[in-house]
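Trainee: Before we start, here is the structure in question, set down as C-alpha cells.
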Amino acid sequence: MSTPVVSIAYHSGYGHTAVLAEAVRSGAAEAGARVHLVKVDDITDAEWELLDASDAIVFGSPTYMGTASGAFHVFAEASSKRWFGQDWKDKLAAGFTNSGSKSGDKLHTLQFFQILAAQHGMNWINLGLHPGWNSSSASEHDLNRLGVFAGAAAQTNVDEGPETVHKADIATAEHLGRRIAEAARVFALGRAAAAEVAA
C-alpha cells in the first residue's frame with residue numbers, strides 16, 4: 001500500500017504555532033506518513049498542488065481575537081478555487097491552534113477549520129483523547145491538558161517565546177499527527193478494498 005501523504009497548512013505569527021506544526025509533522029512521520037509543511041502566508045503554486053495531492057490536510061493557526069489569523073483567513077478564501085471543483089472532497093482534515101489565554105476562544109478557531117473542511121467535503125478527524133488535568137490527581141503535564149476534543153489546542157504566555165510552548169501541548173500535537181496519519185492509512189485501505197469489490 002502507498003504511503004499516506006499529510007500536508008500541514010499553517011500560519012504562525014510569532015513562532016509558537018510553528019512549534020506545534022513541527023510536532024504534528026513529527027507525529028505523522030512517526031506513524032509512517034510522508035509529510036509536507038506549508039506556510040499559508042507564503043504559499044506557492046507548487047504547494048497548492050501538494051495540498052491537492054495529499055490524503056489529509058491539517059490546518060493550523062494562532063487564535064487572534066477569537067478566530068484564526070488574518071493570514072489564514074486569506075488562505076481559506078483562496079481555497080475557494082478548490083471548492084468550485086470539489087478538489088479536496090473526501091480528503092481528511094484536522095486542526096490545531098495556540099493562544100495566550102487558557103481558553104482564548106480557541107474552540108472557535110477549530111470550529112472555523114471544521115466548517116472550512118466541511119465546505120470542501122472533507123472528513124474531520126478529531127483529537128480522540130479524553131481531557132487531561134481535570135481532577136485532583138491530574139497534572140498540567142497530561143496530554144490534552146486544556147480539555148479540547150475538536151483538535152489540538154495549546155496555550156503559551158504572551159510574553160514568552162516559541163521555546164516555551166508547553167511540552168504537554170507539543171505531545172498533544174504529536175498525537176494529532178499520528179492520529180491523522182493512521183486515519184489516512186485506514187481510509188486508503190478502505191478505498192482500495194471498495195475498488196476491488198466494485199471491479
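Scheme for the C-alpha cells: letters A, B, ... for chains in order shown; per-chain residue numbers from 1; ligand numbers from 1 in order shown.
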I want to know what sits within 10 Å of Met122 of chain A, based on only C-alpha atoms, with residues of the same chain fewer than 2 positions away left out; could you give that as a PyMOL selection string?
Mentor: chain A and resi 56-57+86-94+114-120+124-125
Trainee: Report, in Å to a single decimal, how far apart atom CA of Thr109 of chain A and atom CA of Leu37 of chain A are.
Mentor: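 For atom CA of Leu37 of chain A relative to atom CA of Thr109 of chain A, the distance reads 19.6 Å.
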Trainee: Using the chain letters and numbers from this document, which residues of chain A does DSSP assign to strand (DSSP E or B), as a PyMOL selection string?
Mentor: chain A and resi 5-10+34-39+56-64+67-68+92-99+123-124+152-155
Trainee: Residues of the last selection are to be written out with N, CA and C atoms, as a short mmCIF file (atom, residue, chain, number, x, y, z; two decimals), in the first residue's frame.
Mentor:
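The resulting file, part_33.cif, is shown below:
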data_model
loop_
_atom_site.label_atom_id
_atom_site.label_comp_id
_atom_site.auth_asym_id
_atom_site.auth_seq_id
_atom_site.Cartn_x
_atom_site.Cartn_y
_atom_site.Cartn_z
N VAL A 5 -0.07 10.60 2.47
CA VAL A 5 0.54 11.93 2.37
C VAL A 5 -0.28 12.90 3.21
N VAL A 6 0.39 13.53 4.16
CA VAL A 6 -0.24 14.50 5.05
C VAL A 6 0.43 15.85 4.84
N SER A 7 -0.37 16.88 4.59
CA SER A 7 0.16 18.24 4.50
C SER A 7 -0.37 19.07 5.65
N ILE A 8 0.48 19.90 6.19
CA ILE A 8 0.12 20.77 7.31
C ILE A 8 0.14 22.20 6.80
N ALA A 9 -1.04 22.77 6.63
CA ALA A 9 -1.20 24.12 6.10
C ALA A 9 -1.41 25.06 7.29
N TYR A 10 -0.41 25.90 7.57
CA TYR A 10 -0.47 26.66 8.82
C TYR A 10 0.09 28.07 8.66
N ARG A 34 4.17 10.46 4.69
CA ARG A 34 5.04 11.46 4.06
C ARG A 34 4.39 12.80 4.34
N VAL A 35 5.14 13.75 4.91
CA VAL A 35 4.54 14.97 5.45
C VAL A 35 5.16 16.21 4.81
N HIS A 36 4.29 17.16 4.47
CA HIS A 36 4.72 18.45 3.93
C HIS A 36 4.25 19.57 4.86
N LEU A 37 5.15 20.50 5.18
CA LEU A 37 4.78 21.71 5.91
C LEU A 37 4.57 22.83 4.90
N VAL A 38 3.42 23.47 4.95
CA VAL A 38 3.08 24.54 4.00
C VAL A 38 2.73 25.80 4.79
N LYS A 39 3.54 26.83 4.67
CA LYS A 39 3.25 28.11 5.32
C LYS A 39 2.27 28.87 4.43
N ALA A 56 -4.51 13.93 3.42
CA ALA A 56 -5.03 14.66 4.58
C ALA A 56 -4.38 16.03 4.64
N ILE A 57 -5.16 17.02 5.08
CA ILE A 57 -4.64 18.37 5.29
C ILE A 57 -4.96 18.77 6.73
N VAL A 58 -3.94 19.16 7.46
CA VAL A 58 -4.11 19.62 8.84
C VAL A 58 -3.96 21.14 8.85
N PHE A 59 -4.99 21.82 9.31
CA PHE A 59 -5.00 23.28 9.35
C PHE A 59 -4.46 23.76 10.70
N GLY A 60 -3.62 24.79 10.68
CA GLY A 60 -3.09 25.32 11.93
C GLY A 60 -2.95 26.83 11.89
N SER A 61 -3.29 27.46 13.00
CA SER A 61 -3.19 28.92 13.09
C SER A 61 -3.22 29.33 14.55
N PRO A 62 -2.57 30.43 14.89
CA PRO A 62 -2.82 31.00 16.21
C PRO A 62 -4.26 31.51 16.27
N THR A 63 -4.77 31.64 17.46
CA THR A 63 -6.08 32.26 17.65
C THR A 63 -5.86 33.72 18.00
N TYR A 64 -6.30 34.59 17.11
CA TYR A 64 -6.23 36.04 17.32
C TYR A 64 -7.64 36.59 17.36
N THR A 67 -10.49 34.03 16.60
CA THR A 67 -10.58 33.24 15.37
C THR A 67 -9.18 33.02 14.82
N ALA A 68 -9.10 32.33 13.69
CA ALA A 68 -7.81 32.12 13.04
C ALA A 68 -7.24 33.46 12.60
N LEU A 92 -9.04 13.87 4.27
CA LEU A 92 -9.18 14.01 5.71
C LEU A 92 -8.69 15.39 6.12
N ALA A 93 -9.22 15.89 7.23
CA ALA A 93 -8.82 17.19 7.75
C ALA A 93 -8.73 17.12 9.27
N ALA A 94 -7.86 17.96 9.83
CA ALA A 94 -7.74 18.10 11.28
C ALA A 94 -7.20 19.50 11.54
N GLY A 95 -7.07 19.87 12.82
CA GLY A 95 -6.61 21.23 13.09
C GLY A 95 -5.97 21.39 14.45
N PHE A 96 -5.20 22.48 14.59
CA PHE A 96 -4.54 22.83 15.84
C PHE A 96 -4.41 24.34 15.94
N THR A 97 -4.34 24.83 17.19
CA THR A 97 -4.22 26.26 17.39
C THR A 97 -3.54 26.55 18.73
N ASN A 98 -3.08 27.77 18.88
CA ASN A 98 -2.42 28.25 20.09
C ASN A 98 -2.93 29.65 20.41
N SER A 99 -3.06 29.96 21.69
CA SER A 99 -3.34 31.34 22.09
C SER A 99 -2.71 31.59 23.45
N ASN A 123 -13.42 15.09 5.49
CA ASN A 123 -13.82 14.33 6.67
C ASN A 123 -12.94 14.74 7.85
N TRP A 124 -13.55 15.26 8.91
CA TRP A 124 -12.81 15.80 10.05
C TRP A 124 -12.37 14.70 11.00
N ALA A 152 -6.08 19.83 18.39
CA ALA A 152 -5.01 20.08 19.37
C ALA A 152 -4.99 21.56 19.72
N ALA A 153 -5.06 21.86 21.01
CA ALA A 153 -5.05 23.24 21.49
C ALA A 153 -3.87 23.45 22.42
N ALA A 154 -3.24 24.60 22.30
CA ALA A 154 -2.08 24.93 23.13
C ALA A 154 -2.24 26.32 23.71
N GLN A 155 -1.57 26.55 24.83
CA GLN A 155 -1.54 27.86 25.47
C GLN A 155 -0.10 28.23 25.77
#
Trainee: Report as a list of chain:residue names all protein, DNA and RNA residues lying within 7 Å of segment 18-20 of chain A, evaluated on only C-alpha atoms, omitting residues in the same chain fewer than 4 positions from it.
Mentor: A:Ser12, A:Val24, A:Pro162, A:Ile170, A:Ala173
Trainee: Keeping only N, CA, C and O atoms, write the selected residues as a short mmCIF file (atom, residue, chain, number, x, y, z; two decimals), in the first residue's frame.
Mentor:
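So part-v4.cif came out as:
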data_model
loop_
_atom_site.label_atom_id
_atom_site.label_comp_id
_atom_site.auth_asym_id
_atom_site.auth_seq_id
_atom_site.Cartn_x
_atom_site.Cartn_y
_atom_site.Cartn_z
N SER A 12 1.93 30.99 11.35
CA SER A 12 2.47 31.23 12.70
C SER A 12 2.93 32.67 12.77
O SER A 12 3.82 33.07 12.03
N VAL A 24 3.12 18.18 14.93
CA VAL A 24 2.17 17.40 14.12
C VAL A 24 2.94 16.64 13.04
O VAL A 24 2.70 15.46 12.79
N PRO A 162 8.68 31.10 21.46
CA PRO A 162 8.29 29.76 20.99
C PRO A 162 8.94 28.62 21.76
O PRO A 162 8.38 27.53 21.82
N ILE A 170 2.88 20.17 23.02
CA ILE A 170 3.66 19.60 21.92
C ILE A 170 3.34 18.11 21.77
O ILE A 170 3.11 17.62 20.66
N ALA A 173 -0.01 17.68 20.13
CA ALA A 173 0.06 17.90 18.69
C ALA A 173 0.70 16.71 17.98
O ALA A 173 0.28 16.32 16.88
#
Trainee: When you draw a straight line from atom CA of Gly151 of chain A to atom CA of Leu110 of chain A, how long is it in Å?
Mentor: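 According to the coordinates, atom CA of Gly151 of chain A and atom CA of Leu110 of chain A are separated by 6.6 Å.
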Trainee: So that I can see what lies close to segment 70-76 of chain A, please list as a ChimeraX atom specification the residues with an atom at most 7 Å from it, counting only C-alpha atoms and leaving out residues fewer than 6 positions away in the same chain.
Mentor: /A:11,40-41,61
Trainee: Nearest to Ser26 of chain A among A:Arg185, A:Arg179, A:Lys102, A:Arg191, with distances taken over only C-alpha atoms: which residue is it?
Mentor: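 Closest to Ser26 of chain A, using only C-alpha atoms: A:Arg179.
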Trainee: Could you jot down the atom CA of Leu146 of chain A to atom CA of Trp133 of chain A separation for me, Å, one decimal place?
Mentor: 7.3 Å
